[in-house]
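The structure file structure.pdb is reproduced below (PDB, C-alpha atoms).
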```pdb
ATOM      1  CA  MET Z   1       2.181  -0.875 -18.355
ATOM      2  CA  SER Z   2       2.373   1.407 -15.345
ATOM      3  CA  ALA Z   3       5.290   3.792 -14.844
ATOM      4  CA  LEU Z   4       7.925   2.532 -12.431
ATOM      5  CA  VAL Z   5      10.452   5.356 -12.822
ATOM      6  CA  GLU Z   6       9.548   8.779 -14.180
ATOM      7  CA  GLY Z   7      11.593  11.922 -14.691
ATOM      8  CA  LYS Z   8       9.954  15.258 -15.441
ATOM      9  CA  GLY Z   9      11.938  18.271 -16.592
ATOM     10  CA  VAL Z  10      15.142  16.659 -15.324
ATOM     11  CA  SER Z  11      18.254  18.837 -15.590
ATOM     12  CA  LYS Z  12      21.715  18.359 -14.144
ATOM     13  CA  THR Z  13      24.345  21.082 -14.049
ATOM     14  CA  PHE Z  14      27.886  20.591 -12.790
ATOM     15  CA  GLU Z  15      30.331  23.261 -11.687
ATOM     16  CA  VAL Z  16      33.807  22.522 -13.025
ATOM     17  CA  GLY Z  17      37.162  24.271 -12.853
ATOM     18  CA  GLY Z  18      38.213  26.527 -10.022
ATOM     19  CA  LEU Z  19      41.440  26.556  -8.010
ATOM     20  CA  PHE Z  20      43.638  28.170 -10.695
ATOM     21  CA  GLY Z  21      41.024  28.394 -13.427
ATOM     22  CA  LYS Z  22      37.675  30.116 -13.743
ATOM     23  CA  LYS Z  23      34.708  28.055 -12.627
ATOM     24  CA  ARG Z  24      32.145  27.257 -15.301
ATOM     25  CA  LEU Z  25      28.816  25.485 -15.454
ATOM     26  CA  VAL Z  26      28.344  22.376 -17.570
ATOM     27  CA  GLN Z  27      24.760  21.449 -18.438
ATOM     28  CA  ALA Z  28      24.973  17.670 -18.710
ATOM     29  CA  VAL Z  29      21.209  17.011 -18.862
ATOM     30  CA  ARG Z  30      18.645  19.598 -19.900
ATOM     31  CA  SER Z  31      14.869  19.400 -19.340
ATOM     32  CA  VAL Z  32      14.441  15.677 -19.992
ATOM     33  CA  ASP Z  33      11.117  13.893 -19.597
ATOM     34  CA  ILE Z  34      11.439  10.110 -19.447
ATOM     35  CA  VAL Z  35       9.328   7.169 -18.274
ATOM     36  CA  VAL Z  36      10.403   3.564 -17.716
ATOM     37  CA  ALA Z  37       7.449   1.235 -17.226
ATOM     38  CA  ARG Z  38       7.443  -2.019 -15.284
ATOM     39  CA  GLY Z  39       9.117  -4.746 -17.298
ATOM     40  CA  GLU Z  40      10.086  -2.352 -20.090
ATOM     41  CA  ALA Z  41      13.519  -1.936 -21.664
ATOM     42  CA  VAL Z  42      14.344   1.635 -22.677
ATOM     43  CA  GLY Z  43      17.523   2.367 -24.627
ATOM     44  CA  VAL Z  44      19.343   5.690 -24.305
ATOM     45  CA  VAL Z  45      21.700   6.444 -27.200
ATOM     46  CA  GLY Z  46      23.855   9.324 -28.396
ATOM     47  CA  GLU Z  47      27.448  10.417 -28.874
ATOM     48  CA  SER Z  48      29.881  10.620 -25.982
ATOM     49  CA  GLY Z  49      29.039  13.642 -23.846
ATOM     50  CA  SER Z  50      25.343  13.573 -24.684
ATOM     51  CA  GLY Z  51      24.332  13.119 -21.027
ATOM     52  CA  LYS Z  52      23.293   9.451 -21.157
ATOM     53  CA  SER Z  53      25.191   8.240 -18.088
ATOM     54  CA  THR Z  54      24.350  11.343 -16.063
ATOM     55  CA  LEU Z  55      20.654  10.818 -16.773
ATOM     56  CA  GLY Z  56      20.904   7.211 -15.595
ATOM     57  CA  ARG Z  57      22.544   8.221 -12.333
ATOM     58  CA  VAL Z  58      19.972  10.933 -11.702
ATOM     59  CA  LEU Z  59      17.132   8.438 -12.239
ATOM     60  CA  LEU Z  60      18.786   6.134  -9.681
ATOM     61  CA  GLY Z  61      19.197   8.953  -7.162
ATOM     62  CA  LEU Z  62      22.980   8.515  -7.170
ATOM     63  CA  ILE Z  63      23.280  12.214  -7.982
ATOM     64  CA  PRO Z  64      20.506  14.768  -7.363
ATOM     65  CA  ALA Z  65      18.768  16.593 -10.183
ATOM     66  CA  SER Z  66      19.495  20.319 -10.410
ATOM     67  CA  GLU Z  67      15.965  20.893 -11.679
ATOM     68  CA  GLY Z  68      12.899  18.748 -12.233
ATOM     69  CA  THR Z  69      11.685  15.683 -10.372
ATOM     70  CA  VAL Z  70      12.363  11.950 -10.383
ATOM     71  CA  ALA Z  71       9.773   9.574  -8.948
ATOM     72  CA  PHE Z  72       9.747   5.848  -8.220
ATOM     73  CA  GLU Z  73       6.222   4.377  -8.211
ATOM     74  CA  GLY Z  74       4.932   7.940  -8.165
ATOM     75  CA  LYS Z  75       6.872   8.960  -5.053
ATOM     76  CA  PRO Z  76       9.561  11.660  -5.539
ATOM     77  CA  LEU Z  77      13.118  10.650  -4.693
ATOM     78  CA  ALA Z  78      13.803  14.060  -3.212
ATOM     79  CA  GLY Z  79      12.879  14.233   0.461
ATOM     80  CA  GLN Z  80      13.170  10.503   1.159
ATOM     81  CA  THR Z  81      14.084   9.688   4.750
ATOM     82  CA  PRO Z  82      17.186   7.503   5.394
ATOM     83  CA  ALA Z  83      14.920   4.540   6.152
ATOM     84  CA  GLU Z  84      12.959   5.069   2.942
ATOM     85  CA  TRP Z  85      16.180   5.349   0.930
ATOM     86  CA  ARG Z  86      17.464   2.131   2.464
ATOM     87  CA  ALA Z  87      14.326   0.268   1.375
ATOM     88  CA  LEU Z  88      14.302   1.905  -2.055
ATOM     89  CA  ARG Z  89      17.951   1.164  -2.763
ATOM     90  CA  ARG Z  90      17.178  -2.570  -2.914
ATOM     91  CA  ARG Z  91      14.809  -1.915  -5.787
ATOM     92  CA  MET Z  92      17.164   0.168  -7.966
ATOM     93  CA  GLN Z  93      20.584  -1.058  -9.059
ATOM     94  CA  ILE Z  94      23.261  -0.396 -11.681
ATOM     95  CA  VAL Z  95      25.658  -2.410 -13.846
ATOM     96  CA  PHE Z  96      28.743  -0.340 -14.581
ATOM     97  CA  GLN Z  97      30.628  -0.012 -17.848
ATOM     98  CA  ASP Z  98      34.048  -1.155 -16.669
ATOM     99  CA  PRO Z  99      34.094  -4.809 -15.541
ATOM    100  CA  TYR Z 100      37.676  -4.313 -14.347
ATOM    101  CA  GLY Z 101      37.431  -1.130 -12.309
ATOM    102  CA  SER Z 102      34.000  -1.839 -10.789
ATOM    103  CA  LEU Z 103      35.231  -4.807  -8.714
ATOM    104  CA  ASP Z 104      37.601  -4.661  -5.741
ATOM    105  CA  PRO Z 105      40.681  -6.699  -6.767
ATOM    106  CA  ARG Z 106      41.486  -7.551  -3.135
ATOM    107  CA  ARG Z 107      38.197  -9.243  -2.277
ATOM    108  CA  ARG Z 108      36.642 -12.513  -3.411
ATOM    109  CA  VAL Z 109      33.739 -12.020  -5.801
ATOM    110  CA  GLY Z 110      31.299 -13.921  -3.591
ATOM    111  CA  ALA Z 111      31.821 -11.401  -0.804
ATOM    112  CA  GLN Z 112      31.282  -8.530  -3.231
ATOM    113  CA  ILE Z 113      28.060 -10.044  -4.549
ATOM    114  CA  ALA Z 114      26.860 -10.494  -0.961
ATOM    115  CA  ASP Z 115      27.584  -6.875   0.074
ATOM    116  CA  GLY Z 116      24.165  -5.565  -0.906
ATOM    117  CA  MET Z 117      22.349  -8.357   0.886
ATOM    118  CA  GLU Z 118      24.438  -7.840   4.015
ATOM    119  CA  PHE Z 119      23.661  -4.122   3.956
ATOM    120  CA  HIS Z 120      19.954  -4.943   3.918
ATOM    121  CA  GLY Z 121      20.174  -7.400   6.794
ATOM    122  CA  VAL Z 122      20.048 -10.757   5.018
ATOM    123  CA  ALA Z 123      21.385 -13.552   7.242
ATOM    124  CA  ARG Z 124      24.786 -15.036   6.406
ATOM    125  CA  ALA Z 125      23.530 -18.506   5.484
ATOM    126  CA  GLU Z 126      20.936 -17.036   3.169
ATOM    127  CA  ARG Z 127      23.555 -14.743   1.602
ATOM    128  CA  GLU Z 128      25.843 -17.696   0.843
ATOM    129  CA  ARG Z 129      22.965 -19.637  -0.713
ATOM    130  CA  ARG Z 130      21.893 -16.678  -2.814
ATOM    131  CA  VAL Z 131      25.430 -15.990  -4.038
ATOM    132  CA  GLY Z 132      25.621 -19.500  -5.473
ATOM    133  CA  GLU Z 133      22.210 -19.095  -7.123
ATOM    134  CA  LEU Z 134      23.129 -15.729  -8.611
ATOM    135  CA  LEU Z 135      26.405 -17.003 -10.046
ATOM    136  CA  ALA Z 136      24.512 -19.845 -11.705
ATOM    137  CA  THR Z 137      21.893 -17.410 -12.984
ATOM    138  CA  VAL Z 138      24.520 -15.346 -14.813
ATOM    139  CA  GLY Z 139      26.242 -18.398 -16.288
ATOM    140  CA  LEU Z 140      29.054 -18.985 -13.784
ATOM    141  CA  GLU Z 141      29.741 -21.746 -11.281
ATOM    142  CA  PRO Z 142      28.794 -21.390  -7.576
ATOM    143  CA  ALA Z 143      32.376 -22.358  -6.707
ATOM    144  CA  HIS Z 144      33.558 -19.204  -8.482
ATOM    145  CA  ALA Z 145      32.486 -17.269  -5.390
ATOM    146  CA  GLN Z 146      35.901 -18.018  -3.874
ATOM    147  CA  ARG Z 147      37.857 -16.515  -6.755
ATOM    148  CA  PHE Z 148      39.325 -13.032  -7.031
ATOM    149  CA  PRO Z 149      38.446 -10.714  -9.955
ATOM    150  CA  HIS Z 150      41.811 -11.182 -11.682
ATOM    151  CA  GLU Z 151      40.998 -14.863 -12.151
ATOM    152  CA  PHE Z 152      38.151 -14.041 -14.541
ATOM    153  CA  SER Z 153      37.972 -12.844 -18.135
ATOM    154  CA  GLY Z 154      36.356  -9.496 -18.952
ATOM    155  CA  GLY Z 155      33.045 -11.105 -19.875
ATOM    156  CA  GLN Z 156      33.040 -13.184 -16.707
ATOM    157  CA  ARG Z 157      33.747 -10.097 -14.613
ATOM    158  CA  GLN Z 158      30.768  -8.368 -16.166
ATOM    159  CA  ARG Z 159      28.649 -11.397 -15.281
ATOM    160  CA  VAL Z 160      29.861 -10.997 -11.691
ATOM    161  CA  GLY Z 161      28.877  -7.316 -11.856
ATOM    162  CA  ILE Z 162      25.404  -8.283 -13.045
ATOM    163  CA  ALA Z 163      25.069 -10.852 -10.253
ATOM    164  CA  ARG Z 164      26.064  -8.187  -7.721
ATOM    165  CA  ALA Z 165      23.416  -5.820  -9.090
ATOM    166  CA  LEU Z 166      20.752  -8.541  -8.933
ATOM    167  CA  ALA Z 167      21.595  -9.577  -5.364
ATOM    168  CA  PRO Z 168      19.286  -7.134  -3.529
ATOM    169  CA  GLY Z 169      16.353  -8.107  -5.790
ATOM    170  CA  PRO Z 170      15.900  -4.935  -7.874
ATOM    171  CA  GLU Z 171      12.918  -4.034 -10.031
ATOM    172  CA  PHE Z 172      14.775  -1.303 -11.952
ATOM    173  CA  LEU Z 173      18.215  -1.899 -13.443
ATOM    174  CA  VAL Z 174      20.409   0.683 -15.172
ATOM    175  CA  ALA Z 175      22.989  -0.897 -17.490
ATOM    176  CA  ASP Z 176      25.530   1.821 -18.304
ATOM    177  CA  GLU Z 177      27.463   0.806 -21.436
ATOM    178  CA  PRO Z 178      27.782  -2.727 -20.027
ATOM    179  CA  VAL Z 179      29.321  -4.274 -23.162
ATOM    180  CA  SER Z 180      31.461  -1.459 -24.584
ATOM    181  CA  ALA Z 181      34.679  -2.741 -22.966
ATOM    182  CA  LEU Z 182      34.182  -6.330 -24.180
ATOM    183  CA  ASP Z 183      35.052  -8.243 -27.335
ATOM    184  CA  VAL Z 184      32.265  -8.438 -29.915
ATOM    185  CA  SER Z 185      31.604 -12.142 -29.386
ATOM    186  CA  ILE Z 186      31.357 -11.624 -25.624
ATOM    187  CA  GLN Z 187      29.114  -8.584 -26.073
ATOM    188  CA  ALA Z 188      26.447 -10.764 -27.689
ATOM    189  CA  GLN Z 189      26.510 -13.174 -24.753
ATOM    190  CA  ILE Z 190      26.076 -10.407 -22.184
ATOM    191  CA  VAL Z 191      23.235  -8.818 -24.178
ATOM    192  CA  GLU Z 192      21.433 -12.160 -24.380
ATOM    193  CA  LEU Z 193      21.971 -12.618 -20.639
ATOM    194  CA  LEU Z 194      20.379  -9.226 -19.919
ATOM    195  CA  ALA Z 195      17.493  -9.995 -22.266
ATOM    196  CA  GLY Z 196      16.852 -13.290 -20.492
ATOM    197  CA  LEU Z 197      17.059 -11.747 -17.025
ATOM    198  CA  ARG Z 198      14.674  -8.994 -17.999
ATOM    199  CA  ARG Z 199      12.187 -11.565 -19.304
ATOM    200  CA  ASP Z 200      12.538 -14.032 -16.412
ATOM    201  CA  LEU Z 201      12.664 -11.501 -13.574
ATOM    202  CA  GLY Z 202      10.344  -8.866 -15.016
ATOM    203  CA  LEU Z 203      13.014  -6.177 -14.699
ATOM    204  CA  ALA Z 204      12.578  -2.644 -15.927
ATOM    205  CA  LEU Z 205      15.802  -1.853 -17.784
ATOM    206  CA  LEU Z 206      17.439   1.416 -18.772
ATOM    207  CA  PHE Z 207      20.113   0.378 -21.270
ATOM    208  CA  ILE Z 208      22.661   3.116 -22.011
ATOM    209  CA  SER Z 209      24.746   2.494 -25.113
ATOM    210  CA  HIS Z 210      26.257   3.899 -28.274
ATOM    211  CA  ASP Z 211      25.804   0.519 -29.988
ATOM    212  CA  LEU Z 212      22.593   1.011 -31.957
ATOM    213  CA  PRO Z 213      22.120  -2.580 -33.217
ATOM    214  CA  VAL Z 214      22.316  -3.835 -29.633
ATOM    215  CA  VAL Z 215      19.710  -1.288 -28.507
ATOM    216  CA  ARG Z 216      17.414  -2.274 -31.359
ATOM    217  CA  HIS Z 217      17.686  -5.941 -30.394
ATOM    218  CA  LEU Z 218      17.155  -5.452 -26.665
ATOM    219  CA  CYS Z 219      14.875  -2.450 -26.149
ATOM    220  CA  ASP Z 220      11.177  -1.667 -26.538
ATOM    221  CA  ARG Z 221      11.694   2.082 -26.767
ATOM    222  CA  VAL Z 222      14.679   4.298 -27.519
ATOM    223  CA  VAL Z 223      15.624   7.805 -26.379
ATOM    224  CA  VAL Z 224      18.091   9.702 -28.599
ATOM    225  CA  MET Z 225      20.117  12.367 -26.761
ATOM    226  CA  TYR Z 226      22.397  15.133 -27.991
ATOM    227  CA  LEU Z 227      24.162  17.641 -25.768
ATOM    228  CA  GLY Z 228      21.907  16.868 -22.812
ATOM    229  CA  ARG Z 229      18.576  17.100 -24.638
ATOM    230  CA  VAL Z 230      16.232  14.498 -26.097
ATOM    231  CA  MET Z 231      16.112  14.749 -29.879
ATOM    232  CA  GLU Z 232      13.769  11.842 -30.533
ATOM    233  CA  GLU Z 233      11.969   9.220 -28.459
ATOM    234  CA  GLY Z 234       9.628   6.420 -29.367
ATOM    235  CA  PRO Z 235       9.118   2.717 -30.102
ATOM    236  CA  ALA Z 236      12.433   1.178 -31.138
ATOM    237  CA  ARG Z 237      11.066  -0.275 -34.371
ATOM    238  CA  ALA Z 238       9.581   3.055 -35.483
ATOM    239  CA  VAL Z 239      12.720   5.046 -34.666
ATOM    240  CA  PHE Z 240      15.148   2.577 -36.245
ATOM    241  CA  ASP Z 241      13.101   1.837 -39.365
ATOM    242  CA  ALA Z 242      12.144   5.454 -40.110
ATOM    243  CA  PRO Z 243      14.261   7.944 -38.096
ATOM    244  CA  ALA Z 244      12.685  11.394 -38.052
ATOM    245  CA  HIS Z 245      15.198  13.754 -36.428
ATOM    246  CA  PRO Z 246      18.243  14.721 -38.552
ATOM    247  CA  TYR Z 247      20.535  13.672 -35.699
ATOM    248  CA  THR Z 248      18.916  10.229 -35.423
ATOM    249  CA  ARG Z 249      19.290   9.827 -39.179
ATOM    250  CA  ALA Z 250      22.982  10.671 -38.954
ATOM    251  CA  LEU Z 251      23.546   8.149 -36.151
ATOM    252  CA  LEU Z 252      21.722   5.369 -37.974
ATOM    253  CA  SER Z 253      23.396   6.114 -41.297
ATOM    254  CA  ALA Z 254      26.691   5.019 -39.732
ATOM    255  CA  THR Z 255      25.229   1.678 -38.624
ATOM    256  CA  PRO Z 256      25.716  -1.326 -40.930
ATOM    257  CA  ARG Z 257      22.482  -2.978 -42.049
ATOM    258  CA  VAL Z 258      21.960  -6.385 -43.588
ATOM    259  CA  ASP Z 259      18.903  -5.226 -45.555
ATOM    260  CA  ARG Z 260      20.238  -3.029 -48.371
ATOM    261  CA  ALA Z 261      16.767  -1.604 -49.017
ATOM    262  CA  LYS Z 262      16.730  -0.035 -45.549
ATOM    263  CA  ARG Z 263      20.253   1.376 -45.583
ATOM    264  CA  LEU Z 264      20.547   5.138 -45.220
ATOM    265  CA  THR Z 265      22.927   7.288 -47.198
ATOM    266  CA  ARG Z 266      25.920   8.031 -44.970
ATOM    267  CA  ILE Z 267      25.504  11.405 -43.272
ATOM    268  CA  LEU Z 268      28.744  12.971 -42.077
ATOM    269  CA  LEU Z 269      28.223  15.573 -39.388
ATOM    270  CA  PRO Z 270      30.589  18.540 -39.631
ATOM    271  CA  GLY Z 271      32.858  19.375 -36.698
ATOM    272  CA  ASP Z 272      32.539  18.226 -33.113
ATOM    273  CA  PRO Z 273      29.640  18.672 -30.690
ATOM    274  CA  PRO Z 274      29.666  22.125 -29.052
ATOM    275  CA  SER Z 275      30.869  22.489 -25.479
ATOM    276  CA  PRO Z 276      28.138  21.682 -22.933
ATOM    277  CA  SER Z 277      29.294  24.760 -21.008
ATOM    278  CA  ASN Z 278      28.417  26.958 -23.992
ATOM    279  CA  PRO Z 279      25.603  25.254 -25.941
ATOM    280  CA  PRO Z 280      23.996  26.888 -28.991
ATOM    281  CA  SER Z 281      20.759  28.818 -28.599
ATOM    282  CA  GLY Z 282      17.552  27.211 -29.758
ATOM    283  CA  CYS Z 283      18.068  23.700 -31.082
ATOM    284  CA  VAL Z 284      21.396  22.456 -29.717
ATOM    285  CA  PHE Z 285      21.939  20.376 -32.859
ATOM    286  CA  ARG Z 286      21.533  23.256 -35.307
ATOM    287  CA  THR Z 287      25.269  24.024 -35.648
ATOM    288  CA  ARG Z 288      25.807  20.584 -37.241
ATOM    289  CA  CYS Z 289      22.453  20.185 -39.000
ATOM    290  CA  ALA Z 290      22.221  20.515 -42.792
ATOM    291  CA  HIS Z 291      18.580  21.590 -42.522
ATOM    292  CA  ALA Z 292      19.007  24.344 -39.903
ATOM    293  CA  SER Z 293      17.672  27.851 -40.526
ATOM    294  CA  ASP Z 294      17.138  31.032 -38.529
ATOM    295  CA  VAL Z 295      14.015  29.613 -36.889
ATOM    296  CA  CYS Z 296      16.122  26.839 -35.320
ATOM    297  CA  ALA Z 297      18.164  29.422 -33.396
ATOM    298  CA  GLY Z 298      15.167  31.229 -31.972
ATOM    299  CA  ALA Z 299      13.737  28.760 -29.473
ATOM    300  CA  VAL Z 300      14.232  25.254 -28.128
ATOM    301  CA  PRO Z 301      11.972  22.995 -30.209
ATOM    302  CA  PRO Z 302       9.431  21.073 -28.118
ATOM    303  CA  LEU Z 303       9.093  17.308 -28.364
ATOM    304  CA  GLU Z 304       6.236  17.070 -30.835
ATOM    305  CA  GLU Z 305       4.031  13.994 -30.840
ATOM    306  CA  GLY Z 306       3.987  11.897 -34.007
ATOM    307  CA  PRO Z 307       1.376   9.427 -35.293
ATOM    308  CA  ASP Z 308       3.392   6.304 -34.431
ATOM    309  CA  GLY Z 309       3.993   6.942 -30.724
ATOM    310  CA  ARG Z 310       7.235   8.869 -31.154
ATOM    311  CA  ARG Z 311       8.207  12.391 -30.079
ATOM    312  CA  VAL Z 312      10.580  14.550 -32.114
ATOM    313  CA  ALA Z 313      12.300  17.817 -31.146
ATOM    314  CA  CYS Z 314      12.632  19.366 -34.607
ATOM    315  CA  VAL Z 315      10.530  22.089 -36.229
ATOM    316  CA  LYS Z 316      11.205  20.660 -39.702
ATOM    317  CA  TRP Z 317      10.957  16.920 -39.228
ATOM    318  CA  ARG Z 318       7.552  16.624 -40.926
ATOM    319  CA  GLU Z 319       8.886  18.511 -43.956
ATOM    320  CA  LEU Z 320      11.877  16.188 -44.214
ATOM    321  CA  GLY Z 321       9.554  13.192 -44.662
TER     322      GLY Z 321
END
```
Please go through the file and, once you have read it, give me the structure as structure tokens.
Amino acid sequence: MSALVEGKGVSKTFEVGGLFGKKRLVQAVRSVDIVVARGEAVGVVGESGSGKSTLGRVLLGLIPASEGTVAFEGKPLAGQTPAEWRALRRRMQIVFQDPYGSLDPRRRVGAQIADGMEFHGVARAERERRVGELLATVGLEPAHAQRFPHEFSGGQRQRVGIARALAPGPEFLVADEPVSALDVSIQAQIVELLAGLRRDLGLALLFISHDLPVVRHLCDRVVVMYLGRVMEEGPARAVFDAPAHPYTRALLSATPRVDRAKRLTRILLPGDPPSPSNPPSGCVFRTRCAHASDVCAGAVPPLEEGPDGRRVACVKWRELG
């Protein structure tokens, strides 16, 4: 599969504070390399504050990278003309986490779904036809176009959000924690909807989540992030069945498994993640890692290639077995 979206050395630093406090720099994403191929689903997982959502927004061009490059079909996002951005925006869309806050409560959902098409010059009659089709595609009724957001349940609102994202006809879709605010039974329905849309429409999907079983079910590859850096990346089956990085092992050890033979001994990480404005030297995970030594503080470990298509940023992962 050819690369659709590719980030090389992507970093994002924010300046926070000021006014009455001292300004400080927060490194949300640090030197990330990532590729999403056509039709591929890539999961991005990690604790809160690991940089998952920021990475997704940088790949969409919603916020600029502080360092590194992001390219769509090999063409860098930086330096796009307004006309080029307008054409590109149709091909890259996002589904937000909050199905309540992401919709305007004062407007009918049909009008909100049609906004993207109107922006790109689609005629009114065609917009109205497409809105009905999109609502049916996501499991709602075409007549629901005349309703307001408060008339829907949380799961239905997220379906509306998905329809809105699909309206311009994207090839790349970022789903940013799209089921975290929903009941468990509804989560499964939305995940199956996304899986079906990806299959039927050939979408490339970046699925950001802290729900590891959902990522395993939906994604071809998984990227594990901690404090803005990639700890491990590779085929979902390889990473979930035999996690290599100590951080990945800790995450998966907290995930219930039906197969007792594959359950990991629960690994409790000490303390909280360090502040992203003052990260540890070397490996950013070393302050919570039971296997850390002096060598881990000396330099940032590179993502080392493994035999099963994975990459691991740990100098000791081969020793750990």
Distance query Ser102 in chain Z at most 10 Å, all atoms listed in the file, self and fewer than 2 positions along chain excluded, as a PyMOL selection string
chain Z and resi 95-100+104-105+149+157-158+161
For Arg216 in chain Z, list every protein, DNA or RNA residue within 8 Å, evaluated using only C-alpha atoms, and leave out those in the same chain fewer than 4 positions away; present the list as a compact mmCIF listing (two decimals) with C-alpha atoms, in the coordinates of the input.
```
# COMPACT_ATOMS: atom_id res chain seq x y z
CA LEU Z 212 22.59 1.01 -31.96
CA ASP Z 220 11.18 -1.67 -26.54
CA ALA Z 236 12.43 1.18 -31.14
CA ARG Z 237 11.07 -0.28 -34.37
CA PHE Z 240 15.15 2.58 -36.24
```
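Near Val58 in chain Z, within 9 Å and counting only C-alpha atoms, sit Z:Gly7, Z:Val10, Z:Ser11, Z:Lys12, Z:Ser53, Z:Ile63, Z:Pro64, Z:Ala65, Z:Val70, not including residues fewer than 5 positions from it in the same chain.
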Please build the interface table for range 200-234 of chain Z against range 289-310 of chain Z with a cut-off of 10 Å, listing for each qualifying residue the nearest atom pair and the distance in Å to one decimal; count all atoms listed in the file, order rows by chain and increasing number, and write it as a Markdown table.
```
| residue | atom | partner | partner_atom | distance |
| --- | --- | --- | --- | --- |
| Z:Arg221 | CA | Z:Arg310 | CA | 9.2 |
| Z:Val222 | CA | Z:Arg310 | CA | 9.5 |
| Z:Val223 | CA | Z:Arg310 | CA | 9.7 |
| Z:Arg229 | CA | Z:Val300 | CA | 9.9 |
| Z:Val230 | CA | Z:Leu303 | CA | 8.0 |
| Z:Met231 | CA | Z:Leu303 | CA | 7.6 |
| Z:Glu232 | CA | Z:Arg310 | CA | 7.2 |
| Z:Glu233 | CA | Z:Arg310 | CA | 5.5 |
| Z:Gly234 | CA | Z:Arg310 | CA | 3.9 |
```
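The space separating CA of Arg164 in chain Z from CA of Gln112 in chain Z comes to 6.9 Å.
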Could you pull the residues within 8 Å of Gly74 in chain Z, counting only C-alpha atoms, minus those fewer than 5 positions along the same chain, as an NGL selection string?
:Z and (3-6)
Once the PyMOL selection byres ((chain Z and resi 130) around 12) has been evaluated on this model, what residues remain selected, and can you format them as a PyMOL selection string?
chain Z and resi 110-111+113-118+122-129+131-137+142+145+163-164+166-169
Filtering to C-alpha atoms, could you give me those residues as an mmCIF file, keeping the file's coordinate frame?
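This is the output file selection38.cif:
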```cif
data_model
loop_
_atom_site.group_PDB
_atom_site.id
_atom_site.type_symbol
_atom_site.label_atom_id
_atom_site.label_comp_id
_atom_site.auth_asym_id
_atom_site.auth_seq_id
_atom_site.Cartn_x
_atom_site.Cartn_y
_atom_site.Cartn_z
ATOM 1 C CA GLY Z 110 31.299 -13.921 -3.591
ATOM 2 C CA ALA Z 111 31.821 -11.401 -0.804
ATOM 3 C CA ILE Z 113 28.060 -10.044 -4.549
ATOM 4 C CA ALA Z 114 26.860 -10.494 -0.961
ATOM 5 C CA ASP Z 115 27.584 -6.875 0.074
ATOM 6 C CA GLY Z 116 24.165 -5.565 -0.906
ATOM 7 C CA MET Z 117 22.349 -8.357 0.886
ATOM 8 C CA GLU Z 118 24.438 -7.840 4.015
ATOM 9 C CA VAL Z 122 20.048 -10.757 5.018
ATOM 10 C CA ALA Z 123 21.385 -13.552 7.242
ATOM 11 C CA ARG Z 124 24.786 -15.036 6.406
ATOM 12 C CA ALA Z 125 23.530 -18.506 5.484
ATOM 13 C CA GLU Z 126 20.936 -17.036 3.169
ATOM 14 C CA ARG Z 127 23.555 -14.743 1.602
ATOM 15 C CA GLU Z 128 25.843 -17.696 0.843
ATOM 16 C CA ARG Z 129 22.965 -19.637 -0.713
ATOM 17 C CA VAL Z 131 25.430 -15.990 -4.038
ATOM 18 C CA GLY Z 132 25.621 -19.500 -5.473
ATOM 19 C CA GLU Z 133 22.210 -19.095 -7.123
ATOM 20 C CA LEU Z 134 23.129 -15.729 -8.611
ATOM 21 C CA LEU Z 135 26.405 -17.003 -10.046
ATOM 22 C CA ALA Z 136 24.512 -19.845 -11.705
ATOM 23 C CA THR Z 137 21.893 -17.410 -12.984
ATOM 24 C CA PRO Z 142 28.794 -21.390 -7.576
ATOM 25 C CA ALA Z 145 32.486 -17.269 -5.390
ATOM 26 C CA ALA Z 163 25.069 -10.852 -10.253
ATOM 27 C CA ARG Z 164 26.064 -8.187 -7.721
ATOM 28 C CA LEU Z 166 20.752 -8.541 -8.933
ATOM 29 C CA ALA Z 167 21.595 -9.577 -5.364
ATOM 30 C CA PRO Z 168 19.286 -7.134 -3.529
ATOM 31 C CA GLY Z 169 16.353 -8.107 -5.790
#
```
